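**Student:** Once you've had a glance at the structure underneath, I'll fire off some questions.
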Amino acid sequence: MTPDELADRFETAAKRIGPAIARGVQHTGTLGQARIRGNASGRPGPNVITGAYRNSWQTQTRRLPYGAICTLGTNAPQGRRLEFGFTGVDSLGRHYDQPPFPHVQPALPFIEAALMAQMRLAVAEVLL
């Protein structure tokens with residue numbers, strides 16, 4: 001392979017890497033959302049009564065020039081209390097001694113491994 005051919009190959013790869021990474025990040029966000037929702041479906045996570053909290057977990061993926069960013073979260077007000085627990089008096093004067101029911105933290109190693117695998121696939125895809 002000549003230097004010019006190598007340069008052309010790298011230029012082609014540079015054009016394809018952004019969309020490949022965006023696909024991988026979006027897929028990882030979907031997997032992470034599913035894992036967190038699964039962890040929030042009963043012990044050791046929070047118990048499910050209506051499913052509204054579990055369904056409140058959403059992903060939002062935004063493309064960047066050479067990649068993407070994914071935000072995974074909930075706007076449910078009980079999210080922090082369920083994950084970290086709460087001991088004390090709330091704004092209405094009620095006393096709580098609620099233990100934590102972690103469901104996000106246990107999903108993080110899985111999400112990290114999934115993202116690493118997706119990035120390896122993206123690089124392999126554009127270099128072939």
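We name chains A, B, ... following the order of the structure tokens; residues begin at 1 in each chain, and ligands are numbered from 1 as shown.
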Can you pull out the residues contacting Phe110 (chain A)? Cut-off 12 Å, using only C-alpha atoms, and skip same-chain residues under 2 positions away; I want them as an MDAnalysis selection string.
**Tutor:** chainID A and resid 28:29 31:36 39 104:108 112:117
**Student:** Find the spatial neighbours of Arg23 (chain A), counting only C-alpha atoms, within a cut-off of 10 Å - ignore same-chain residues fewer than 6 positions away - and output them as a ChimeraX atom specification.
**Tutor:** /A:17,29,61,63,67-68,118-119,122
**Student:** Using only C-alpha atoms, which residue out of A:Thr87, A:Thr2, A:Gln58, A:Thr12 lies closest to Pro99 (chain A)?
**Tutor:**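 For Pro99 (chain A), the nearest of the given residues is A:Thr87.
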**Student:** From the set A:Trp57, A:Phe10, A:Phe86, A:Tyr66, which residue has the shortest atom-to-atom contact distance to Phe101 (chain A), counting only C-alpha atoms?
**Tutor:**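 So, comparing all the options, the nearest one is A:Phe86.
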**Student:** Quick one: distance from CA of Val89 (chain A) to CA of Leu72 (chain A) in Å, one decimal?
**Tutor:**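 CA of Leu72 (chain A) lies 29.1 Å from CA of Val89 (chain A).
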**Student:** Where in chain A does DSSP assign helix (DSSP H, G or I), given as number ranges by chain?
**Tutor:** A: 3-39, 52-55, 79-84, 105-127
**Student:** Need to verify the contact set: Cys70 (chain A), 7 Å, only C-alpha atoms, exclusion of same-chain residues closer than 5 positions in sequence. Can you return it as a list in words?
**Tutor:**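 These residues fall inside the cut-off: Val25, Gln26, Gly29, Thr59, Gln60, Thr61 and Arg62 of chain A.
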**Student:** Rounded to one decimal in Å, what is the spacing between CA of Pro102 (chain A) and CA of Gly73 (chain A)?
**Tutor:**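 Distance reported for this atom pair: 14.0 Å.
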**Student:** What does the distance between CA of Tyr53 (chain A) and CA of Ile69 (chain A) come to in Å, to one decimal place?
**Tutor:**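 Rounded to one decimal, the two atoms are 23.7 Å apart.
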**Student:** Which neighbours of Gly18 (chain A) fall inside 7 Å, counting only C-alpha atoms, when residues of the same chain fewer than 2 positions from it are skipped, and could you give them as a list in words?
**Tutor:** Lys15, Arg16, Ala20, Ile21, Ala22, Pro65, Tyr66 and Gly67 of chain A
**Student:** Here is a test: counting only C-alpha atoms, which residue of A:Leu64, A:Gly45, A:Gly38, A:Ser91 is nearest to Gly79 (chain A)?
**Tutor:**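 Looking only at the distances to Gly79 (chain A), the closest residue turns out to be A:Gly45.
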**Student:** I need the residues in chain A that are strand (DSSP E or B) according to DSSP; give them as an MDAnalysis selection string.
**Tutor:** chainID A and resid 58:64 67:73 86:89 95:98
**Student:** Based on the selection just made, write C-alpha atoms of those residues as a short mmCIF file (atom, residue, chain, number, x, y, z; two decimals), in the first residue's frame.
**Tutor:**
```cif
data_model
loop_
_atom_site.label_atom_id
_atom_site.label_comp_id
_atom_site.auth_asym_id
_atom_site.auth_seq_id
_atom_site.Cartn_x
_atom_site.Cartn_y
_atom_site.Cartn_z
CA GLN A 58 -35.18 7.92 29.16
CA THR A 59 -32.20 8.26 26.86
CA GLN A 60 -31.30 11.24 24.73
CA THR A 61 -28.54 10.88 22.14
CA ARG A 62 -27.00 13.90 20.43
CA ARG A 63 -24.56 13.68 17.55
CA LEU A 64 -21.27 15.54 17.67
CA GLY A 67 -19.04 11.08 17.77
CA ALA A 68 -22.04 11.40 20.03
CA ILE A 69 -23.15 11.93 23.60
CA CYS A 70 -25.93 10.07 25.37
CA THR A 71 -27.74 11.27 28.46
CA LEU A 72 -29.53 8.63 30.48
CA GLY A 73 -31.78 9.68 33.33
CA PHE A 86 -33.11 9.19 52.64
CA THR A 87 -32.97 9.74 56.37
CA GLY A 88 -34.47 12.86 57.85
CA VAL A 89 -37.44 15.17 57.66
CA HIS A 95 -39.87 11.65 59.11
CA TYR A 96 -38.14 9.07 56.89
CA ASP A 97 -35.56 6.37 57.37
CA GLN A 98 -35.63 4.97 53.85
#
```
